[in-house]
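These notes are about the structure you will find just below.
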Amino acid sequence: MYDTVLGVVKNFWDGVNMKKQKTGGVWYLLLRCSACQNIRGYRAPKTNKAQTCKACGAQIPLANLTKIHVWCECGRTWNYRTNLTGRLEEFPCIHCGSPLTVERDKLGNYESVT
């Protein structure tokens, strides 16, 4: 079971190194491709104007991104930028693979559902 979870996390985040999260010049992104509807995690320079979807190759614009602040039961906290628009969204923790559920607040940002 644990190997299956790690495989899902590895495919979802595909090599994103969260140990470098404090680096000022990069964004950690959780993006939905408008072409194929695939949701994936990315690490990209803040200077990028678009990100290439790893599933279909379409360009995902990096405009009007909102913030996600999420904490996991494994004790880790993560900060991302996202183009998601749903009221509730779910994705795996990059560290342990547990499902993380976030809810959109009044300002349009996402935080963990407790």
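So you can find residues: chains in the structure tokens are A, B, ... in the order shown, residues in each start at 1, and ligands are numbered from 1 in order.
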
Handout entry: Residues near region 54-58 of chain A, cut-off 8 Å, only C-alpha atoms, skip fewer than 3 positions along chain, as a list in words
Key = Cys33, Ala35, Cys36 and Asn38 of chain A

Practice task
Might you pull out every residue within 8 Å of Leu65 (chain A), with only C-alpha atoms counted and same-chain residues fewer than 5 positions away left off, and present them as a ChimeraX atom specification?
Solution key: /A:81-83

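Among the candidate residues A:Pro99, A:Pro92, A:Gly108, A:Pro45, the one lying nearest to Ile68 (chain A) is A:Gly108, with distances computed using only C-alpha atoms.
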
Exercise for the section: Would you kindly return, as JSON, numbers by chain, each protein, DNA or RNA residue with an atom no farther than 12 Å from any atom of Thr101 (chain A), considering only C-alpha atoms and excluding same-chain residues fewer than 4 positions away? Expected result: {"A": [68, 69, 70, 71, 72, 73, 86, 87, 88, 89, 90, 91, 92, 93, 110, 111, 112, 113, 114]}

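One finds CA of Gly25 (chain A) at 27.9 Å from CA of Lys106 (chain A).
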
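With only C-alpha atoms as the basis for measurement, A:Leu31 is the residue among A:Lys67, A:Asn79, A:His95, A:Leu31 that approaches Ala50 (chain A) most closely.
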
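Across A:Ile94, A:Val102, A:Val26, A:Leu84, the tightest approach to Thr66 (chain A) is made by A:Leu84 when counting only C-alpha atoms.
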
Problem - Proximity to Leu30 (chain A) - best of A:Ala63, A:Tyr80, A:Gly75, A:Gln51, only C-alpha atoms - result: A:Tyr80

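Considering only C-alpha atoms, the residue among A:Ser98, A:Ser34, A:Thr77, A:Thr85 positioned nearest to Thr52 (chain A) is A:Ser34.
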
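Minimum distance to Arg40 (chain A) across A:Tyr28, A:Cys74, A:Asp105, A:Asn64 (counting only C-alpha atoms) occurs at A:Tyr28.
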
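Here CA of Pro61 (chain A) stands at a distance of 13.8 Å from CA of Gln37 (chain A).
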